[in-house]
Amino acid sequence: MNDTVATTPPTGTALIDRVRQAWSDVLDLDGVDQVPDDVNFLEAGGSSLLLIMLWEELEPLTERTLKVSDLFQHSTVRAQAALLADASGAEEPLTALGTRNRGGLLGRARRDQSPSE
């Protein structure tokens with residue numbers, strides 16, 4: 001995805017699908033069909049570190065700065081999609097901390113897990 005192109009945040013079912021996909025990626029599941037909609041992220045196999053990686057995946061889906069603590073408080077797919085949908089309509093501008101250049105924790109973690117040649 002090219003972060004320099006302005007895009008409209010997804011809404012409704014598309015937003016839920018994007019949250020499910022982020023969970024599937026972060027939890028390293030075989031597909032989005034394994035992602036429960038109403039189970040707490042930690043109970044679904046997540047951890048505090050994985051929640052930070054999830055935050056990195058979800059934060060670009062909103063026009064506001066999303067805090068990691070928001071994901072602890074809204075800990076299911078449905079709750080996170082509702083949070084993102086609500087935050088997308090807010091008037092609060094992005095801050096410098098809301099920029100998209102955070103080093104790619106998910107990509108780095110996957111590279112670290114790759115077998116060495």
# chains A, B, ... in the order shown; residues from 1 in each chain; ligands from 1

call {"tool": "residues_around", "arguments": {"residues": "A:Leu42", "least_positions_apart": "6", "cutoff": "9 Å", "atoms": "only C-alpha atoms", "output": "ChimeraX atom specification"}}
result
/A:48,51,75

call {"tool": "closest_residue", "arguments": {"among": "A:Leu83, A:Leu29, A:Ala14, A:Leu54", "to": "A:Phe41", "atoms": "only C-alpha atoms"}}
result
A:Leu54

call {"tool": "closest_residue", "arguments": {"among": "A:Asp37, A:Glu63, A:Glu56, A:Glu43", "to": "A:Ala79", "atoms": "only C-alpha atoms"}}
result
A:Asp37

call {"tool": "closest_residue", "arguments": {"among": "A:Ala22, A:Leu58, A:Ile52, A:Leu84", "to": "A:Phe72", "atoms": "only C-alpha atoms"}}
result
A:Ile52

call {"tool": "residues_around", "arguments": {"residues": "stretch 31-34 of chain A", "least_positions_apart": "2", "cutoff": "12 Å", "atoms": "only C-alpha atoms", "output": "list in words"}}
result
Ile16, Asp17, Arg18, Val19, Arg20, Gln21, Ala22, Trp23, Ser24, Asp25, Val26, Leu27, Asp28, Leu29, Pro36, Asp37, Val39, Ala44, Gly45 and Val77 of chain A

call {"tool": "closest_residue", "arguments": {"among": "A:Val35, A:Ala82, A:Leu49, A:Asp30", "to": "A:Thr62", "atoms": "only C-alpha atoms"}}
result
A:Ala82

call {"tool": "atom_distance", "arguments": {"atom1": "atom CA of A:Leu61", "atom2": "atom CA of A:Asn40"}}
result
20.1 Å

call {"tool": "atom_distance", "arguments": {"atom1": "atom CA of A:Asp86", "atom2": "atom CA of A:Ser47"}}
result
25.0 Å

call {"tool": "atom_distance", "arguments": {"atom1": "atom CA of A:Gly12", "atom2": "atom CA of A:Arg78"}}
result
10.4 Å

call {"tool": "closest_residue", "arguments": {"among": "A:Thr76, A:Leu71, A:Asp38, A:Thr13", "to": "A:Glu57", "atoms": "only C-alpha atoms"}}
result
A:Leu71
